[in-house]
$ cat entry-v9.pdb   # PDB, C-alpha atoms and all ligand atoms
ATOM      1  CA  MET P   1       4.352 -18.872  32.013
ATOM      2  CA  SER P   2       2.553 -15.677  33.030
ATOM      3  CA  SER P   3       0.235 -15.365  36.036
ATOM      4  CA  THR P   4      -3.055 -13.504  36.167
ATOM      5  CA  LEU P   5      -3.583 -10.498  38.417
ATOM      6  CA  SER P   6      -7.025  -9.838  39.872
ATOM      7  CA  PHE P   7      -8.451  -7.696  42.656
ATOM      8  CA  GLU P   8     -11.078  -8.040  45.367
ATOM      9  CA  VAL P   9     -13.202  -5.089  46.495
ATOM     10  CA  PHE P  10     -16.049  -4.862  48.997
ATOM     11  CA  PRO P  11     -19.248  -2.803  48.683
ATOM     12  CA  PRO P  12     -19.208  -0.036  51.293
ATOM     13  CA  ASN P  13     -22.114   0.705  53.659
ATOM     14  CA  THR P  14     -22.524   4.395  52.916
ATOM     15  CA  GLN P  15     -23.175   6.526  49.831
ATOM     16  CA  ILE P  16     -19.913   8.415  50.406
ATOM     17  CA  GLY P  17     -18.119   5.074  50.547
ATOM     18  CA  ALA P  18     -19.875   3.984  47.350
ATOM     19  CA  ASN P  19     -18.804   7.120  45.456
ATOM     20  CA  LYS P  20     -15.257   6.635  46.663
ATOM     21  CA  LEU P  21     -15.311   2.997  45.558
ATOM     22  CA  PHE P  22     -16.350   3.973  42.033
ATOM     23  CA  GLU P  23     -13.330   6.323  41.885
ATOM     24  CA  THR P  24     -11.107   3.527  43.215
ATOM     25  CA  LEU P  25     -12.471   1.145  40.594
ATOM     26  CA  LYS P  26     -11.567   3.568  37.806
ATOM     27  CA  GLU P  27      -7.993   3.543  39.077
ATOM     28  CA  LEU P  28      -8.013  -0.262  39.293
ATOM     29  CA  GLN P  29      -9.284  -0.457  35.706
ATOM     30  CA  GLN P  30      -6.104   1.347  34.547
ATOM     31  CA  LEU P  31      -4.087  -1.618  35.860
ATOM     32  CA  GLN P  32      -5.880  -3.930  33.402
ATOM     33  CA  PRO P  33      -6.725  -6.671  35.890
ATOM     34  CA  ASP P  34      -7.917 -10.060  34.652
ATOM     35  CA  PHE P  35     -11.014  -9.568  36.814
ATOM     36  CA  ILE P  36     -12.282  -7.727  39.869
ATOM     37  CA  SER P  37     -14.336  -9.708  42.378
ATOM     38  CA  VAL P  38     -16.955  -8.144  44.641
ATOM     39  CA  THR P  39     -17.628  -9.533  48.116
ATOM     40  CA  CYS P  40     -21.074 -10.154  49.584
ATOM     41  CA  SER P  41     -22.415  -9.727  53.080
ATOM     42  CA  ASN P  42     -24.637 -12.235  54.800
ATOM     43  CA  ASN P  43     -27.613  -9.931  54.412
ATOM     44  CA  ARG P  44     -29.464 -11.635  51.589
ATOM     45  CA  GLN P  45     -31.808  -8.671  51.158
ATOM     46  CA  THR P  46     -29.038  -6.332  50.115
ATOM     47  CA  ILE P  47     -26.906  -8.460  47.778
ATOM     48  CA  ALA P  48     -28.680  -7.058  44.706
ATOM     49  CA  GLU P  49     -28.174  -3.494  45.979
ATOM     50  CA  THR P  50     -24.549  -3.974  47.023
ATOM     51  CA  THR P  51     -22.609  -6.785  45.350
ATOM     52  CA  LEU P  52     -24.580  -6.786  42.101
ATOM     53  CA  LYS P  53     -24.589  -3.000  41.810
ATOM     54  CA  VAL P  54     -20.803  -2.814  42.094
ATOM     55  CA  ALA P  55     -20.358  -5.813  39.772
ATOM     56  CA  ASP P  56     -22.666  -4.127  37.230
ATOM     57  CA  TYR P  57     -20.508  -0.985  37.289
ATOM     58  CA  ILE P  58     -17.299  -2.999  36.822
ATOM     59  CA  HIS P  59     -18.701  -5.105  33.999
ATOM     60  CA  ASN P  60     -20.873  -2.647  32.106
ATOM     61  CA  GLU P  61     -19.231   0.737  32.733
ATOM     62  CA  LEU P  62     -15.569  -0.169  33.102
ATOM     63  CA  LYS P  63     -15.756  -3.192  30.778
ATOM     64  CA  VAL P  64     -13.669  -5.276  33.141
ATOM     65  CA  GLN P  65     -14.451  -8.926  33.856
ATOM     66  CA  THR P  66     -16.086  -9.328  37.284
ATOM     67  CA  ILE P  67     -16.976 -12.078  39.732
ATOM     68  CA  ALA P  68     -19.881 -11.679  42.178
ATOM     69  CA  HIS P  69     -19.512 -13.454  45.542
ATOM     70  CA  LEU P  70     -22.648 -15.284  46.787
ATOM     71  CA  PRO P  71     -23.137 -16.799  50.291
ATOM     72  CA  ALA P  72     -24.787 -20.248  50.006
ATOM     73  CA  VAL P  73     -26.167 -20.610  53.529
ATOM     74  CA  TYR P  74     -27.875 -17.232  53.499
ATOM     75  CA  LEU P  75     -29.787 -17.917  50.283
ATOM     76  CA  ASN P  76     -32.680 -20.222  49.535
ATOM     77  CA  GLN P  77     -33.201 -21.665  46.068
ATOM     78  CA  ALA P  78     -35.641 -18.928  45.022
ATOM     79  CA  GLN P  79     -33.203 -16.198  46.078
ATOM     80  CA  ALA P  80     -30.316 -17.947  44.319
ATOM     81  CA  ASP P  81     -32.473 -18.227  41.166
ATOM     82  CA  GLU P  82     -33.334 -14.546  41.346
ATOM     83  CA  LEU P  83     -29.695 -13.450  41.780
ATOM     84  CA  VAL P  84     -28.517 -15.670  38.934
ATOM     85  CA  LYS P  85     -31.291 -14.242  36.749
ATOM     86  CA  GLN P  86     -30.278 -10.685  37.631
ATOM     87  CA  LEU P  87     -26.614 -11.410  36.949
ATOM     88  CA  ASP P  88     -27.492 -12.955  33.615
ATOM     89  CA  LYS P  89     -29.472  -9.858  32.686
ATOM     90  CA  LEU P  90     -26.436  -7.714  33.502
ATOM     91  CA  GLY P  91     -24.306  -9.924  31.273
ATOM     92  CA  ILE P  92     -22.308 -11.268  34.223
ATOM     93  CA  ASP P  93     -21.740 -15.006  34.226
ATOM     94  CA  ARG P  94     -19.060 -15.491  36.865
ATOM     95  CA  ILE P  95     -19.660 -16.097  40.567
ATOM     96  CA  LEU P  96     -17.610 -17.072  43.593
ATOM     97  CA  ALA P  97     -19.829 -19.557  45.423
ATOM     98  CA  LEU P  98     -19.125 -19.430  49.154
ATOM     99  CA  ARG P  99     -20.679 -21.053  52.145
ATOM    100  CA  GLY P 100     -20.497 -17.719  53.945
ATOM    101  CA  ASP P 101     -19.436 -17.129  57.514
ATOM    102  CA  ILE P 102     -22.151 -18.334  59.856
ATOM    103  CA  ILE P 103     -23.277 -15.609  62.231
ATOM    104  CA  PRO P 104     -24.890 -16.978  65.426
ATOM    105  CA  GLU P 105     -27.591 -14.263  65.510
ATOM    106  CA  LEU P 106     -28.536 -14.865  61.870
ATOM    107  CA  PRO P 107     -30.072 -18.294  61.254
ATOM    108  CA  PRO P 108     -29.102 -19.759  57.870
ATOM    109  CA  GLU P 109     -31.559 -20.885  55.220
ATOM    110  CA  ASN P 110     -31.949 -24.631  54.727
ATOM    111  CA  ASP P 111     -31.438 -25.148  50.998
ATOM    112  CA  PHE P 112     -27.616 -25.014  50.794
ATOM    113  CA  HIS P 113     -25.345 -26.174  53.603
ATOM    114  CA  TYR P 114     -21.972 -25.949  51.892
ATOM    115  CA  ALA P 115     -20.527 -23.952  49.032
ATOM    116  CA  SER P 116     -20.556 -27.122  46.912
ATOM    117  CA  ASP P 117     -24.382 -27.286  47.220
ATOM    118  CA  LEU P 118     -24.625 -23.850  45.607
ATOM    119  CA  VAL P 119     -22.026 -24.735  42.946
ATOM    120  CA  ASP P 120     -23.996 -27.871  42.083
ATOM    121  CA  TYR P 121     -27.301 -25.987  41.959
ATOM    122  CA  VAL P 122     -26.102 -23.066  39.825
ATOM    123  CA  LYS P 123     -24.191 -25.340  37.464
ATOM    124  CA  LYS P 124     -27.397 -27.312  36.814
ATOM    125  CA  GLU P 125     -29.665 -24.256  36.533
ATOM    126  CA  ALA P 126     -27.243 -22.086  34.540
ATOM    127  CA  PRO P 127     -24.495 -24.285  33.050
ATOM    128  CA  HIS P 128     -22.910 -21.344  31.224
ATOM    129  CA  PHE P 129     -21.868 -19.754  34.557
ATOM    130  CA  HIS P 130     -18.187 -19.953  35.423
ATOM    131  CA  ILE P 131     -17.940 -20.769  39.122
ATOM    132  CA  SER P 132     -15.037 -20.120  41.457
ATOM    133  CA  GLY P 133     -14.679 -21.408  45.017
ATOM    134  CA  ALA P 134     -12.670 -20.599  48.127
ATOM    135  CA  CYS P 135      -9.854 -22.732  49.514
ATOM    136  CA  TYR P 136      -7.528 -22.664  52.516
ATOM    137  CA  PRO P 137      -3.773 -23.358  52.392
ATOM    138  CA  GLU P 138      -3.843 -23.443  56.216
ATOM    139  CA  VAL P 139      -6.999 -25.636  56.308
ATOM    140  CA  HIS P 140     -10.472 -24.164  56.878
ATOM    141  CA  PRO P 141     -10.711 -23.351  60.621
ATOM    142  CA  GLU P 142     -13.833 -25.525  61.117
ATOM    143  CA  SER P 143     -12.445 -28.502  59.233
ATOM    144  CA  VAL P 144     -11.874 -31.711  61.192
ATOM    145  CA  SER P 145      -8.607 -32.389  59.360
ATOM    146  CA  ARG P 146      -6.481 -31.404  56.382
ATOM    147  CA  VAL P 147      -7.505 -34.609  54.586
ATOM    148  CA  ALA P 148     -11.229 -33.949  55.156
ATOM    149  CA  ASP P 149     -10.793 -30.383  53.932
ATOM    150  CA  ILE P 150      -9.117 -31.547  50.705
ATOM    151  CA  GLN P 151     -11.800 -34.224  50.187
ATOM    152  CA  ASN P 152     -14.516 -31.585  50.576
ATOM    153  CA  LEU P 153     -12.660 -29.308  48.169
ATOM    154  CA  LYS P 154     -12.529 -32.139  45.651
ATOM    155  CA  LYS P 155     -16.315 -32.469  45.961
ATOM    156  CA  LYS P 156     -16.691 -28.750  45.247
ATOM    157  CA  VAL P 157     -14.567 -29.079  42.110
ATOM    158  CA  SER P 158     -16.283 -32.279  40.958
ATOM    159  CA  VAL P 159     -19.703 -30.554  40.920
ATOM    160  CA  GLY P 160     -18.481 -27.687  38.768
ATOM    161  CA  CYS P 161     -16.147 -25.281  40.547
ATOM    162  CA  GLU P 162     -13.676 -24.256  37.843
ATOM    163  CA  GLN P 163     -11.239 -22.055  39.729
ATOM    164  CA  LEU P 164     -10.100 -21.732  43.332
ATOM    165  CA  ILE P 165      -9.056 -18.614  45.210
ATOM    166  CA  THR P 166      -7.154 -19.026  48.453
ATOM    167  CA  GLN P 167      -7.670 -17.421  51.792
ATOM    168  CA  LEU P 168      -4.889 -14.910  52.398
ATOM    169  CA  PHE P 169      -1.612 -16.327  53.657
ATOM    170  CA  PHE P 170       1.806 -14.944  54.541
ATOM    171  CA  ASP P 171       3.925 -18.064  54.247
ATOM    172  CA  ASN P 172       4.350 -19.251  50.655
ATOM    173  CA  GLU P 173       5.575 -22.669  51.781
ATOM    174  CA  LEU P 174       2.079 -23.379  53.134
ATOM    175  CA  PHE P 175       0.659 -22.514  49.727
ATOM    176  CA  TYR P 176       3.085 -24.801  47.889
ATOM    177  CA  HIS P 177       2.277 -27.648  50.273
ATOM    178  CA  PHE P 178      -1.452 -27.074  49.727
ATOM    179  CA  GLN P 179      -1.002 -26.977  45.939
ATOM    180  CA  GLU P 180       0.804 -30.300  46.118
ATOM    181  CA  SER P 181      -1.997 -31.846  48.209
ATOM    182  CA  CYS P 182      -4.521 -30.657  45.617
ATOM    183  CA  TYR P 183      -2.458 -32.127  42.821
ATOM    184  CA  LEU P 184      -2.218 -35.480  44.618
ATOM    185  CA  ALA P 185      -5.994 -35.415  45.138
ATOM    186  CA  ASP P 186      -6.438 -34.804  41.408
ATOM    187  CA  ILE P 187      -7.773 -31.263  41.918
ATOM    188  CA  LYS P 188      -6.446 -29.676  38.768
ATOM    189  CA  VAL P 189      -8.325 -26.369  38.410
ATOM    190  CA  PRO P 190      -6.304 -23.116  38.582
ATOM    191  CA  ILE P 191      -5.546 -22.018  42.147
ATOM    192  CA  LEU P 192      -5.170 -18.252  42.549
ATOM    193  CA  ALA P 193      -3.109 -17.116  45.523
ATOM    194  CA  GLY P 194      -4.919 -14.598  47.751
ATOM    195  CA  ILE P 195      -2.480 -11.929  48.884
ATOM    196  CA  MET P 196      -3.264  -9.112  51.271
ATOM    197  CA  PRO P 197      -0.627  -6.395  51.627
ATOM    198  CA  ILE P 198      -0.593  -5.297  55.251
ATOM    199  CA  VAL P 199      -0.374  -1.529  55.522
ATOM    200  CA  ASN P 200      -1.202  -0.956  59.168
ATOM    201  CA  ARG P 201      -0.964  -2.765  62.476
ATOM    202  CA  ASN P 202      -4.680  -2.825  63.315
ATOM    203  CA  GLN P 203      -5.445  -4.403  59.973
ATOM    204  CA  ALA P 204      -2.879  -7.130  60.729
ATOM    205  CA  LEU P 205      -4.248  -7.834  64.201
ATOM    206  CA  ARG P 206      -7.844  -7.934  62.954
ATOM    207  CA  LEU P 207      -6.905 -10.383  60.242
ATOM    208  CA  ILE P 208      -5.034 -12.738  62.468
ATOM    209  CA  LYS P 209      -8.092 -12.863  64.707
ATOM    210  CA  THR P 210     -10.705 -13.364  61.971
ATOM    211  CA  THR P 211      -8.828 -15.692  59.616
ATOM    212  CA  GLN P 212      -6.523 -17.492  62.071
ATOM    213  CA  THR P 213      -3.715 -17.023  59.560
ATOM    214  CA  LYS P 214      -0.215 -17.889  60.720
ATOM    215  CA  LEU P 215       2.341 -15.108  60.610
ATOM    216  CA  PRO P 216       5.938 -16.119  59.866
ATOM    217  CA  ARG P 217       8.691 -14.806  62.156
ATOM    218  CA  LYS P 218       9.917 -12.414  59.483
ATOM    219  CA  PHE P 219       6.480 -10.823  59.309
ATOM    220  CA  LEU P 220       5.981 -10.669  63.081
ATOM    221  CA  ALA P 221       9.343  -8.909  63.343
ATOM    222  CA  ILE P 222       8.079  -6.195  60.986
ATOM    223  CA  LEU P 223       4.910  -5.701  63.039
ATOM    224  CA  GLU P 224       6.920  -5.491  66.241
ATOM    225  CA  LYS P 225       9.741  -3.266  65.027
ATOM    226  CA  TYR P 226       7.492  -0.707  63.297
ATOM    227  CA  GLU P 227       4.669  -0.830  65.825
ATOM    228  CA  HIS P 228       4.901   2.934  66.407
ATOM    229  CA  ASP P 229       6.126   3.917  62.954
ATOM    230  CA  PRO P 230       3.163   3.625  60.529
ATOM    231  CA  THR P 231       5.115   4.864  57.499
ATOM    232  CA  SER P 232       7.807   2.218  57.852
ATOM    233  CA  LEU P 233       5.229  -0.445  58.662
ATOM    234  CA  LYS P 234       3.369   0.352  55.434
ATOM    235  CA  GLU P 235       6.591   0.331  53.409
ATOM    236  CA  ALA P 236       7.679  -2.989  54.907
ATOM    237  CA  GLY P 237       4.180  -4.519  54.539
ATOM    238  CA  LEU P 238       4.077  -3.625  50.851
ATOM    239  CA  ALA P 239       7.601  -4.917  50.280
ATOM    240  CA  TYR P 240       6.657  -8.165  52.017
ATOM    241  CA  ALA P 241       3.659  -8.642  49.676
ATOM    242  CA  VAL P 242       5.794  -7.834  46.615
ATOM    243  CA  ASP P 243       8.368 -10.377  47.762
ATOM    244  CA  GLN P 244       5.651 -13.017  48.247
ATOM    245  CA  ILE P 245       4.243 -12.345  44.760
ATOM    246  CA  ILE P 246       7.641 -12.492  43.066
ATOM    247  CA  ASP P 247       8.321 -15.842  44.704
ATOM    248  CA  LEU P 248       4.880 -17.205  43.734
ATOM    249  CA  SER P 249       5.227 -15.962  40.195
ATOM    250  CA  THR P 250       8.673 -17.517  39.894
ATOM    251  CA  GLN P 251       7.040 -20.815  40.885
ATOM    252  CA  ASP P 252       4.453 -20.323  38.097
ATOM    253  CA  VAL P 253       1.416 -19.659  40.281
ATOM    254  CA  ALA P 254      -1.769 -19.556  38.170
ATOM    255  CA  GLY P 255      -2.652 -16.105  39.453
ATOM    256  CA  ILE P 256      -2.467 -13.514  42.201
ATOM    257  CA  HIS P 257      -5.740 -12.302  43.707
ATOM    258  CA  LEU P 258      -5.077  -9.124  45.615
ATOM    259  CA  TYR P 259      -7.268  -8.288  48.600
ATOM    260  CA  THR P 260      -7.202  -4.544  47.934
ATOM    261  CA  MET P 261      -9.367  -3.408  50.887
ATOM    262  CA  ASN P 262     -10.640  -0.827  48.361
ATOM    263  CA  ASN P 263      -7.249   0.868  48.409
ATOM    264  CA  ALA P 264      -6.124   1.789  44.884
ATOM    265  CA  GLU P 265      -2.736   3.090  46.077
ATOM    266  CA  VAL P 266      -1.863  -0.326  47.451
ATOM    267  CA  ALA P 267      -2.964  -2.084  44.247
ATOM    268  CA  LYS P 268      -0.944   0.368  42.125
ATOM    269  CA  HIS P 269       2.175  -0.144  44.220
ATOM    270  CA  ILE P 270       1.888  -3.922  43.915
ATOM    271  CA  TYR P 271       1.143  -3.724  40.195
ATOM    272  CA  HIS P 272       4.103  -1.453  39.386
ATOM    273  CA  ASN P 273       6.489  -3.602  41.392
ATOM    274  CA  THR P 274       5.417  -6.975  40.029
ATOM    275  CA  LYS P 275       3.989  -6.421  36.538
ATOM    276  CA  ASN P 276       7.008  -7.719  34.672
ATOM    277  CA  VAL P 277       7.358 -10.923  36.651
ATOM    278  CA  LEU P 278       3.603 -11.555  36.539
ATOM    279  CA  HIS P 279       3.134 -10.936  32.860
ATOM    280  CA  GLY P 280       6.450 -12.336  31.731
ATOM    281  CA  GLN P 281       7.407  -9.126  29.944
ATOM    282  CA  ILE P 282      11.136  -9.528  30.485
ATOM    283  CA  LYS P 283      12.308 -11.826  27.740
ATOM    284  CA  ALA P 284      15.350 -14.008  28.335
ATOM    285  CA  GLY P 285      18.449 -13.471  26.170
TER
HETATM  286  P1  LIG W 301     -17.160 -24.630  52.163
HETATM  287  O1  LIG W 301     -16.416 -24.970  50.934
HETATM  288  O2  LIG W 301     -18.599 -25.025  52.242
HETATM  289  O3  LIG W 301     -16.376 -25.269  53.410
HETATM  290  C1  LIG W 301     -16.704 -24.890  54.733
HETATM  291  C2  LIG W 301     -16.317 -25.990  55.699
HETATM  292  O4  LIG W 301     -17.173 -27.115  55.538
HETATM  293  C3  LIG W 301     -14.899 -26.524  55.509
HETATM  294  O5  LIG W 301     -14.399 -26.865  56.755
HETATM  295  C4  LIG W 301     -15.100 -27.752  54.637
HETATM  296  O6  LIG W 301     -14.053 -28.691  54.817
HETATM  297  C5  LIG W 301     -16.431 -28.272  55.174
HETATM  298  N1  LIG W 301     -17.224 -28.966  54.159
HETATM  299  C6  LIG W 301     -17.411 -28.596  52.876
HETATM  300  N2  LIG W 301     -18.227 -29.466  52.252
HETATM  301  C7  LIG W 301     -18.578 -30.401  53.168
HETATM  302  C8  LIG W 301     -19.413 -31.561  53.148
HETATM  303  N3  LIG W 301     -20.062 -31.924  52.028
HETATM  304  N4  LIG W 301     -19.545 -32.288  54.287
HETATM  305  C9  LIG W 301     -18.901 -31.928  55.426
HETATM  306  N5  LIG W 301     -18.092 -30.835  55.507
HETATM  307  C10 LIG W 301     -17.943 -30.086  54.400
HETATM  308  N6  LIG W 301     -17.477 -14.679  53.225
HETATM  309  C11 LIG W 301     -18.529 -13.855  53.003
HETATM  310  O7  LIG W 301     -19.478 -13.855  53.799
HETATM  311  N7  LIG W 301     -18.545 -12.985  51.928
HETATM  312  C12 LIG W 301     -17.552 -12.965  51.000
HETATM  313  O8  LIG W 301     -17.606 -12.200  50.052
HETATM  314  C13 LIG W 301     -16.437 -13.847  51.179
HETATM  315  N8  LIG W 301     -15.434 -13.899  50.281
HETATM  316  C14 LIG W 301     -14.426 -14.823  50.429
HETATM  317  C15 LIG W 301     -13.447 -14.925  49.426
HETATM  318  C16 LIG W 301     -12.414 -15.860  49.550
HETATM  319  C17 LIG W 301     -11.391 -15.981  48.445
HETATM  320  C18 LIG W 301     -12.336 -16.677  50.715
HETATM  321  C19 LIG W 301     -11.209 -17.655  50.881
HETATM  322  C20 LIG W 301     -13.304 -16.578  51.708
HETATM  323  C21 LIG W 301     -14.369 -15.676  51.578
HETATM  324  N9  LIG W 301     -15.380 -15.569  52.535
HETATM  325  C22 LIG W 301     -16.444 -14.708  52.335
HETATM  326  C23 LIG W 301     -15.336 -16.360  53.767
HETATM  327  C24 LIG W 301     -16.073 -17.734  53.648
HETATM  328  O9  LIG W 301     -17.463 -17.517  53.526
HETATM  329  C25 LIG W 301     -15.749 -18.498  54.915
HETATM  330  O10 LIG W 301     -14.392 -18.805  54.987
HETATM  331  C26 LIG W 301     -16.607 -19.716  55.206
HETATM  332  O11 LIG W 301     -16.363 -20.080  56.559
HETATM  333  C27 LIG W 301     -16.316 -20.919  54.336
HETATM  334  O12 LIG W 301     -16.692 -20.724  53.055
HETATM  335  P2  LIG W 301     -16.326 -21.816  51.896
HETATM  336  O13 LIG W 301     -17.017 -21.361  50.697
HETATM  337  O14 LIG W 301     -14.890 -22.066  51.858
HETATM  338  O15 LIG W 301     -17.101 -23.076  52.518
END
$ encode --input "entry-v9.pdb" --output "C-alpha cells" --more "lines below"
Ligand code: FAD
Amino acid sequence: MSSTLSFEVFPPNTQIGANKLFETLKELQQLQPDFISVTCSNNRQTIAETTLKVADYIHNELKVQTIAHLPAVYLNQAQADELVKQLDKLGIDRILALRGDIIPELPPENDFHYASDLVDYVKKEAPHFHISGACYPEVHPESVSRVADIQNLKKKVSVGCEQLITQLFFDNELFYHFQESCYLADIKVPILAGIMPIVNRNQALRLIKTTQTKLPRKFLAILEKYEHDPTSLKEAGLAYAVDQIIDLSTQDVAGIHLYTMNNAEVAKHIYHNTKNVLHGQIKAG
C-alpha cells in the first residue's frame, strides 16, 4: 500500500516573504505532492488576504490540490460563511477546521467553541466540502484525559471530518498507540502523520515549548551532541525524519504530512530519500 505525501506552508508577514513563498511553492509543485495545506493566523481580518491568497495560488496557478486552515473560535458564522463562499469561488473545497490556539489578549467569537462546531456548520452549509481535522498522538495539552480526547475526536469525525492530520511527533510508537486507540473507538478516517524535520536547535527548542512534544532519547542525544555544529545537526535532523517516515510507511501509514516551515530544500531532501517507500515504486521479485 502506498502512502500520500503532502506539505504544510504558512503565509509570511511581509511582501518579500510572500514572493519567496511563491518561489518555494513552485519547487514544492515539482515534488507532485498530494496536497499543500496553508495555515491560518488568529487574525480573522487577514485570512482572506493570507491563507486564501496562498491557497488560490497553489490551486489555480500551480494546479495542486490545497487545503485552507480555518480557526473556529476566531470566526463567527457570518465570517465562516464568507470564507467558505470565497473558497468556493476559487474552486477550493477542502479545509482543515481547527479550534485555533486561544490567545489571552484576543477574545474569541461565540459561535464556535470547538473545531467540531465548525466542521458541523460547514458540512451543513456546504456539504461538498472535504473537511480535515487535527489530532494529537500525545493527547491535546488541554485535554482532561486521553479517553476524553479520543471521545472528542470521535465527535469531530461523526459530524463530518473526513481526514485527520496529527500534531508533529518524534516517537512513532506514540503514533501507533494513538492509531490503535482510534481504531478501537471506531474512528476509521485516514490519519496522516505530521512530521517536522528539525534542522536547527532553536527550532527544536521552540517546538518543544509550544507543542509540548516529547523528544525520545535518541533525538535528545542529537540535539546535545551537535549543539555547536549546525551542519551536523541539520544532517542528523533530516536523517531522523527520513528514518521516521520509512518506519511509518513500512507500517502502511495513510500519509505523511510534512511541516515544511516554507523550506523547499528540506522537502526535497525528504522527498528524494523516501519517494520509493512512500509510493511503493520498488516492486518485489
Ligand atoms: P479541538 O478539536 O476543538 O480540540 C481542542 C480541545 O478541546 C481538546 O483538548 C479536545 O479534547 C477538547 N474538545 C473538543 N471538543 C470538545 C467538546 N465538545 N467538549 C469538550 N471538550 C472538547 N492553529 C492555528 O491557529 N492555525 C493553524 O493553521 C493551525 N494548524 C494546525 C495544523 C495541525 C495539523 C495541528 C495538529 C494543529 C494546528 N493548529 C493551528 C493548532 C490548533 O489550533 C491547536 O492545537 C488548538 O489548541 C486545538 O485545535 P483542534 O482543532 O485540535 O481543537
$ resolve_selection --input "entry-v9.pdb" --expression "the PyMOL selection byres (((not hetatm)) within 9 of (chain W and resi 301))" --output "short mmCIF file (atom, residue, chain, number, x, y, z; two decimals) with C-alpha atoms, in the frame of the given file"
data_model
loop_
_atom_site.label_atom_id
_atom_site.label_comp_id
_atom_site.auth_asym_id
_atom_site.auth_seq_id
_atom_site.Cartn_x
_atom_site.Cartn_y
_atom_site.Cartn_z
CA GLU P 8 -11.08 -8.04 45.37
CA PHE P 10 -16.05 -4.86 49.00
CA SER P 37 -14.34 -9.71 42.38
CA VAL P 38 -16.95 -8.14 44.64
CA THR P 39 -17.63 -9.53 48.12
CA CYS P 40 -21.07 -10.15 49.58
CA SER P 41 -22.42 -9.73 53.08
CA ASN P 42 -24.64 -12.24 54.80
CA THR P 51 -22.61 -6.78 45.35
CA ALA P 68 -19.88 -11.68 42.18
CA HIS P 69 -19.51 -13.45 45.54
CA LEU P 70 -22.65 -15.28 46.79
CA PRO P 71 -23.14 -16.80 50.29
CA ALA P 72 -24.79 -20.25 50.01
CA VAL P 73 -26.17 -20.61 53.53
CA LEU P 96 -17.61 -17.07 43.59
CA ALA P 97 -19.83 -19.56 45.42
CA LEU P 98 -19.12 -19.43 49.15
CA ARG P 99 -20.68 -21.05 52.14
CA GLY P 100 -20.50 -17.72 53.94
CA ASP P 101 -19.44 -17.13 57.51
CA ILE P 102 -22.15 -18.33 59.86
CA HIS P 113 -25.34 -26.17 53.60
CA TYR P 114 -21.97 -25.95 51.89
CA ALA P 115 -20.53 -23.95 49.03
CA SER P 116 -20.56 -27.12 46.91
CA ASP P 117 -24.38 -27.29 47.22
CA SER P 132 -15.04 -20.12 41.46
CA GLY P 133 -14.68 -21.41 45.02
CA ALA P 134 -12.67 -20.60 48.13
CA CYS P 135 -9.85 -22.73 49.51
CA TYR P 136 -7.53 -22.66 52.52
CA VAL P 139 -7.00 -25.64 56.31
CA HIS P 140 -10.47 -24.16 56.88
CA PRO P 141 -10.71 -23.35 60.62
CA GLU P 142 -13.83 -25.52 61.12
CA SER P 143 -12.44 -28.50 59.23
CA VAL P 144 -11.87 -31.71 61.19
CA SER P 145 -8.61 -32.39 59.36
CA ARG P 146 -6.48 -31.40 56.38
CA VAL P 147 -7.50 -34.61 54.59
CA ALA P 148 -11.23 -33.95 55.16
CA ASP P 149 -10.79 -30.38 53.93
CA ILE P 150 -9.12 -31.55 50.70
CA GLN P 151 -11.80 -34.22 50.19
CA ASN P 152 -14.52 -31.58 50.58
CA LEU P 153 -12.66 -29.31 48.17
CA LYS P 155 -16.32 -32.47 45.96
CA LYS P 156 -16.69 -28.75 45.25
CA LEU P 164 -10.10 -21.73 43.33
CA ILE P 165 -9.06 -18.61 45.21
CA THR P 166 -7.15 -19.03 48.45
CA GLN P 167 -7.67 -17.42 51.79
CA LEU P 168 -4.89 -14.91 52.40
CA LEU P 192 -5.17 -18.25 42.55
CA ALA P 193 -3.11 -17.12 45.52
CA GLY P 194 -4.92 -14.60 47.75
CA THR P 211 -8.83 -15.69 59.62
CA HIS P 257 -5.74 -12.30 43.71
CA TYR P 259 -7.27 -8.29 48.60
#
$ atom_distance --input "entry-v9.pdb" --atom1 "atom CA of P:Leu223" --atom2 "atom CA of P:Pro137"
22.4 Å
$ atom_distance --input "entry-v9.pdb" --atom1 "atom CA of P:Asn60" --atom2 "atom CA of P:Val189"
27.6 Å
$ residues_around --input "entry-v9.pdb" --residues "P:Lys268" --least-positions-apart "6" --cutoff "9 Å" --atoms "only C-alpha atoms" --output "PyMOL selection string"
chain P and resi 27-28+31
$ closest_residue --input "entry-v9.pdb" --among "P:Thr4, P:Asn43, P:Leu118, P:Lys53" --to "P:Ile103" --atoms "all atoms listed in the file"
P:Asn43
$ resolve_selection --input "entry-v9.pdb" --expression "the PyMOL selection byres (((chain P and resi 122) around 10) and not hetatm)" --output "number ranges by chain"
P: 77, 80-81, 84, 95, 97, 116-121, 123-131, 159-160
$ atom_distance --input "entry-v9.pdb" --atom1 "atom CA of P:Lys225" --atom2 "atom CA of P:Val277"
29.5 Å
$ build_atoms --input "entry-v9.pdb" --residues "stretch 250-256 of chain P" --atoms "N, CA and C atoms" --output "compact mmCIF listing (two decimals), in the coordinates of the input"
# COMPACT_ATOMS: atom_id res chain seq x y z
N THR P 250 7.51 -16.74 40.32
CA THR P 250 8.67 -17.52 39.89
C THR P 250 8.34 -19.01 39.89
N GLN P 251 7.45 -19.40 40.81
CA GLN P 251 7.04 -20.82 40.88
C GLN P 251 5.81 -21.08 40.00
N ASP P 252 5.54 -20.14 39.07
CA ASP P 252 4.45 -20.32 38.10
C ASP P 252 3.06 -20.45 38.72
N VAL P 253 2.77 -19.66 39.72
CA VAL P 253 1.42 -19.66 40.28
C VAL P 253 0.43 -19.27 39.17
N ALA P 254 -0.79 -19.85 39.22
CA ALA P 254 -1.77 -19.56 38.17
C ALA P 254 -2.17 -18.08 38.19
N GLY P 255 -2.26 -17.51 39.38
CA GLY P 255 -2.65 -16.10 39.45
C GLY P 255 -2.52 -15.55 40.85
N ILE P 256 -2.50 -14.22 40.91
CA ILE P 256 -2.47 -13.51 42.20
C ILE P 256 -3.79 -12.78 42.33
